[in-house]
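Q: For reference, this is work.csv, and it has CSV, C-alpha atoms and all ligand atoms.
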chain,number,residue,atom,x,y,z
A,1,THR,CA,-1.8,1.8,8.6
A,2,LEU,CA,-0.3,5.3,8.7
A,3,LEU,CA,3.2,5.5,7.2
A,4,ARG,CA,5.7,8.1,8.2
A,5,MET,CA,6.1,10.7,5.4
A,6,ALA,CA,9.0,13.1,4.9
A,7,ALA,CA,8.1,16.7,4.4
A,8,ASP,CA,8.5,17.8,0.8
A,9,CYS,CA,9.6,14.3,-0.4
A,10,ILE,CA,8.4,13.9,-4.0
A,11,PHE,CA,8.2,10.1,-3.8
A,12,CYS,CA,6.2,10.3,-0.5
A,13,ARG,CA,3.8,12.5,-2.4
A,14,ILE,CA,3.6,10.0,-5.3
A,15,ALA,CA,3.0,7.2,-2.8
A,16,ALA,CA,0.3,9.2,-1.1
A,17,GLY,CA,-1.3,10.0,-4.5
A,18,THR,CA,-1.0,13.7,-4.2
A,19,ILE,CA,1.4,13.8,-7.2
A,20,PRO,CA,0.1,11.7,-10.1
A,21,SER,CA,2.1,8.9,-11.5
A,22,THR,CA,1.7,6.0,-14.0
A,23,LYS,CA,1.4,3.0,-11.7
A,24,VAL,CA,2.4,-0.4,-12.9
A,25,PHE,CA,2.1,-2.3,-9.5
A,26,GLU,CA,1.0,-1.4,-6.0
A,27,ASP,CA,0.4,-3.3,-2.7
A,28,GLU,CA,0.3,-2.2,0.9
A,29,ARG,CA,4.0,-1.7,1.2
A,30,VAL,CA,5.3,-0.7,-2.2
A,31,LEU,CA,4.5,1.3,-5.4
A,32,ALA,CA,5.9,0.8,-8.9
A,33,PHE,CA,5.5,3.6,-11.4
A,34,ARG,CA,7.0,4.8,-14.7
A,35,ASP,CA,10.0,7.1,-14.5
A,36,LEU,CA,9.2,10.6,-15.9
A,37,HIS,CA,12.4,10.6,-17.9
A,38,PRO,CA,13.0,7.0,-19.1
A,39,VAL,CA,16.5,6.0,-20.1
A,40,ALA,CA,15.3,2.6,-21.5
A,41,PRO,CA,12.2,1.3,-23.2
A,42,THR,CA,11.1,0.1,-19.8
A,43,HIS,CA,12.1,2.3,-16.9
A,44,VAL,CA,10.1,1.7,-13.8
A,45,LEU,CA,10.8,2.9,-10.2
A,46,VAL,CA,9.9,0.7,-7.3
A,47,ILE,CA,9.6,2.5,-3.9
A,48,PRO,CA,8.7,1.6,-0.4
A,49,LYS,CA,5.6,3.6,0.7
A,50,GLU,CA,7.4,4.3,4.0
A,51,HIS,CA,10.1,7.0,3.6
A,52,ILE,CA,13.6,5.5,3.7
A,53,ALA,CA,16.1,8.1,2.4
A,54,SER,CA,18.4,5.7,0.7
A,55,THR,CA,20.0,2.2,0.9
A,56,ALA,CA,22.5,3.7,3.3
A,57,HIS,CA,19.6,4.7,5.6
A,58,ALA,CA,18.0,1.3,5.7
A,59,VAL,CA,18.1,-0.5,9.1
A,60,GLU,CA,17.4,-4.1,10.4
A,61,THR,CA,13.7,-3.5,10.7
A,62,HIS,CA,13.5,-2.8,6.9
A,63,GLU,CA,15.0,-6.2,6.0
A,64,ALA,CA,11.7,-7.8,4.8
A,65,LEU,CA,10.7,-4.6,3.0
A,66,LEU,CA,14.0,-4.5,1.1
A,67,GLY,CA,13.6,-8.1,0.0
A,68,HIS,CA,10.0,-7.4,-1.0
A,69,LEU,CA,11.2,-4.4,-3.2
A,70,LEU,CA,13.5,-6.8,-5.1
A,71,LEU,CA,10.8,-9.4,-5.6
A,72,VAL,CA,8.4,-6.7,-6.9
A,73,ALA,CA,11.2,-5.5,-9.3
A,74,ALA,CA,11.3,-9.0,-10.7
A,75,LYS,CA,7.5,-9.1,-10.9
A,76,VAL,CA,7.4,-5.8,-12.8
A,77,ALA,CA,10.1,-7.1,-15.2
A,78,GLU,CA,8.0,-10.1,-15.9
A,79,GLN,CA,4.9,-8.0,-16.3
A,80,GLU,CA,6.8,-5.7,-18.7
A,81,GLY,CA,7.9,-8.7,-20.8
A,82,LEU,CA,11.6,-8.4,-20.0
A,83,ALA,CA,12.3,-12.2,-20.5
A,84,LYS,CA,15.6,-11.4,-22.2
A,85,GLY,CA,16.8,-9.7,-19.0
A,86,PHE,CA,16.8,-6.4,-17.2
A,87,ARG,CA,18.8,-4.3,-14.7
A,88,VAL,CA,17.9,-3.3,-11.2
A,89,VAL,CA,19.8,-0.2,-9.8
A,90,THR,CA,19.6,1.8,-6.6
A,91,ASN,CA,21.7,4.9,-6.8
A,92,THR,CA,22.9,5.9,-3.3
A,93,GLY,CA,24.2,9.3,-2.3
A,94,ALA,CA,25.9,12.0,-4.3
A,95,ASP,CA,28.6,9.8,-5.8
A,96,GLY,CA,26.0,7.2,-6.5
A,97,GLY,CA,24.1,9.6,-8.6
A,98,GLN,CA,21.0,9.7,-6.3
A,99,THR,CA,18.8,12.7,-7.1
A,100,VAL,CA,15.6,11.8,-5.1
A,101,ASP,CA,16.2,11.1,-1.4
A,102,HIS,CA,13.6,8.4,-1.1
A,103,LEU,CA,15.0,4.9,-1.7
A,104,HIS,CA,14.0,3.5,-5.1
A,105,LEU,CA,14.9,0.7,-7.4
A,106,HIS,CA,15.2,1.5,-11.1
A,107,VAL,CA,14.0,-1.5,-13.2
A,108,LEU,CA,15.5,-1.0,-16.7
A,109,GLY,CA,15.0,-3.1,-19.8
A,110,GLY,CA,13.9,-3.4,-23.4
A,111,ARG,CA,17.4,-2.9,-24.7
A,112,SER,CA,20.8,-4.3,-24.1
A,113,MET,CA,22.5,-2.7,-21.0
A,114,THR,CA,26.2,-1.8,-20.9
A,115,TRP,CA,28.7,-2.5,-18.1
A,116,PRO,CA,30.4,-0.9,-16.3
A,117,PRO,CA,28.0,2.0,-15.9
A,118,GLY,CA,29.4,5.5,-16.3
S,1,LIG,P1,17.9,8.8,-8.9
S,1,LIG,O1,18.6,9.9,-9.8
S,1,LIG,O2,17.6,9.4,-7.6
S,1,LIG,O3,18.5,7.5,-8.9
S,1,LIG,O4,16.5,8.6,-9.6
S,1,LIG,C1,15.4,9.5,-9.5
S,1,LIG,C2,14.5,9.2,-10.7
S,1,LIG,O5,13.3,9.8,-10.5
S,1,LIG,C3,15.0,9.9,-12.0
S,1,LIG,O6,15.2,8.8,-13.0
S,1,LIG,C4,13.9,10.8,-12.4
S,1,LIG,O7,13.7,10.9,-13.8
S,1,LIG,C5,12.7,10.3,-11.7
S,1,LIG,N1,11.8,11.3,-11.2
S,1,LIG,C6,12.0,12.5,-10.6
S,1,LIG,N2,10.9,13.1,-10.4
S,1,LIG,C7,9.9,12.4,-10.8
S,1,LIG,C8,8.5,12.5,-10.8
S,1,LIG,O8,7.9,13.5,-10.3
S,1,LIG,N3,7.7,11.5,-11.3
S,1,LIG,C9,8.3,10.4,-11.9
S,1,LIG,N4,7.5,9.4,-12.4
S,1,LIG,N5,9.7,10.2,-11.9
S,1,LIG,C10,10.4,11.2,-11.4
S,2,ZN,ZN,9.8,10.0,0.9
Would you put the structure from the file into structure tokens?
Ligand code: 5GP
Ligand code: ZN

A:
Amino acid sequence: TLLRMAADCIFCRIAAGTIPSTKVFEDERVLAFRDLHPVAPTHVLVIPKEHIASTAHAVETHEALLGHLLLVAAKVAEQEGLAKGFRVVTNTGADGGQTVDHLHLHVLGGRSMTWPPG
């Protein structure tokens, strides 16, 4: 199926394979790949192949896809050996610290996380 792509979206390009990435999981709907600038021993991004700008832009028709993203995040964590725990984060908007406007889950692990985040 043809998925809607946003012009000049770096994660749409990664999903399309026109920008290389280190993939750790892929299926028809989602892609998981290593963050270019990891902030933990494991730092994987899980994205929908369809362009959704952020959590705030998700709508009812995305419900199953959003659930699938979280299940894939857990699968990636297991694959990465994060049995002691991990963190899933989705930064949303300017105050949320979002820098790439294509919805993504950060899967972070391999060290103890602090709370609250900065
Ligand atoms: P945000 O700040 O939007 O929550 O997360 C964006 C993340 O994407 C950052 O952690 C950043 O390091 C990562 N990132 C940005 N550009 C690229 C890229 O071209 N390839 C990969 N693998 N990660 C990227
Ligand atoms: Zn996109």

Q: Can you list, as number ranges by chain, every protein, DNA or RNA residue that comes within 12 Å of Asp8 of chain A when you count all atoms listed in the file, leaving out same-chain residues fewer than 2 positions away?

A: A: 5-6, 10-14, 18-19, 51, 100-102

Q: Take the point (19.0, -0.3, -19.4) in the file's coordinates, draw a sphere of radius 9 Å around it, and report as a list in words every protein, DNA or RNA residue with an atom inside or on it, counting all atoms listed in the file.

A: Val39, Ala40, Pro41, Thr42, His43, Phe86, Arg87, Val88, Val107, Leu108, Gly109, Gly110, Arg111, Ser112, Met113 and Thr114 of chain A

Q: Considering all atoms listed in the file, can you say which of A:Pro117, A:Gly96, A:Pro20, A:Pro48 comes closest to Leu69 of chain A?

A: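 Closest to Leu69 of chain A of all the choices is A:Pro48.
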
Q: Please measure the separation of atom CA of Ile52 of chain A and atom CA of Val30 of chain A, giving the value in Å to one decimal.

A: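 Atom CA of Val30 of chain A lies at a distance of 11.9 Å from atom CA of Ile52 of chain A.
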
Q: Give one line per residue of chain A that approaches ligand LIG 1 (chain S) to at most 7 Å, naming the two atoms of the closest pair and their distance in Å to one decimal, counting all atoms listed in the file; sort by chain then ascending residue number and deliver it as JSON lines.

A:
{"residue": "A:Ile10", "atom": "CA", "partner": "S:LIG1", "partner_atom": "O8", "distance": 6.3}
{"residue": "A:Ser21", "atom": "CA", "partner": "S:LIG1", "partner_atom": "N4", "distance": 5.5}
{"residue": "A:Thr22", "atom": "CA", "partner": "S:LIG1", "partner_atom": "N4", "distance": 6.9}
{"residue": "A:Phe33", "atom": "CA", "partner": "S:LIG1", "partner_atom": "N4", "distance": 6.2}
{"residue": "A:Arg34", "atom": "CA", "partner": "S:LIG1", "partner_atom": "N4", "distance": 5.2}
{"residue": "A:Asp35", "atom": "CA", "partner": "S:LIG1", "partner_atom": "N4", "distance": 4.0}
{"residue": "A:Leu36", "atom": "CA", "partner": "S:LIG1", "partner_atom": "N5", "distance": 4.1}
{"residue": "A:His37", "atom": "CA", "partner": "S:LIG1", "partner_atom": "O7", "distance": 4.3}
{"residue": "A:Pro38", "atom": "CA", "partner": "S:LIG1", "partner_atom": "O7", "distance": 6.6}
{"residue": "A:Thr90", "atom": "CA", "partner": "S:LIG1", "partner_atom": "O3", "distance": 6.2}
{"residue": "A:Asn91", "atom": "CA", "partner": "S:LIG1", "partner_atom": "O3", "distance": 4.6}
{"residue": "A:Gly97", "atom": "CA", "partner": "S:LIG1", "partner_atom": "O1", "distance": 5.6}
{"residue": "A:Gln98", "atom": "CA", "partner": "S:LIG1", "partner_atom": "O2", "distance": 3.7}
{"residue": "A:Thr99", "atom": "CA", "partner": "S:LIG1", "partner_atom": "O2", "distance": 3.5}
{"residue": "A:Val100", "atom": "CA", "partner": "S:LIG1", "partner_atom": "O2", "distance": 4.0}
{"residue": "A:Asp101", "atom": "CA", "partner": "S:LIG1", "partner_atom": "O2", "distance": 6.6}

Q: Please, could you write that set of residues out with C-alpha atoms as a JSON list (two decimals), keeping the file's coordinate frame?

A:
[["chain", "number", "residue", "atom", "x", "y", "z"],
["A", 10, "ILE", "CA", 8.40, 13.90, -4.00],
["A", 21, "SER", "CA", 2.10, 8.90, -11.50],
["A", 22, "THR", "CA", 1.70, 6.00, -14.00],
["A", 33, "PHE", "CA", 5.50, 3.60, -11.40],
["A", 34, "ARG", "CA", 7.00, 4.80, -14.70],
["A", 35, "ASP", "CA", 10.00, 7.10, -14.50],
["A", 36, "LEU", "CA", 9.20, 10.60, -15.90],
["A", 37, "HIS", "CA", 12.40, 10.60, -17.90],
["A", 38, "PRO", "CA", 13.00, 7.00, -19.10],
["A", 90, "THR", "CA", 19.60, 1.80, -6.60],
["A", 91, "ASN", "CA", 21.70, 4.90, -6.80],
["A", 97, "GLY", "CA", 24.10, 9.60, -8.60],
["A", 98, "GLN", "CA", 21.00, 9.70, -6.30],
["A", 99, "THR", "CA", 18.80, 12.70, -7.10],
["A", 100, "VAL", "CA", 15.60, 11.80, -5.10],
["A", 101, "ASP", "CA", 16.20, 11.10, -1.40]]

Q: Calculate how many Å separate atom ZN of ligand ZN 2 (chain S) from atom CA of Leu82 of chain A, rounding to one decimal.

A: 27.9 Å

Q: Of the residues A:Lys84, A:Lys23, A:Arg4, A:Lys75, which is the one nearest to ligand ZN 2 (chain S), using all atoms listed in the file?

A: A:Arg4

Q: May I ask which of the residues A:Cys9, A:Ala56, A:Leu45, A:Val76 is the closest one to Phe25 of chain A, counting all atoms listed in the file?

A: A:Val76

Q: Find the residue from A:Leu103, A:Trp115, A:Leu70, A:Ala77 that sits nearest to ligand ZN 2 (chain S); use only C-alpha atoms and all ligand atoms when measuring.

A: A:Leu103

Q: Measuring between all atoms listed in the file, which one of A:Ala74, A:Leu3, A:Ala64, A:Val89 shows the shortest distance to ligand ZN 2 (chain S)?

A: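 Ranked by minimum distance to ligand ZN 2 (chain S), first place goes to A:Leu3.
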
Q: Looking at A:Val46, A:Gly67, A:Ala7, A:Gly93, which one is nearest to ligand ZN 2 (chain S), with distances taken over only C-alpha atoms and all ligand atoms?

A: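 Smallest distance to ligand ZN 2 (chain S) is found for A:Ala7.
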
Q: As an exercise, work out the distance from atom CA of Val44 of chain A to atom CA of His106 of chain A in Å and give it to one decimal place.

A: 5.8 Å
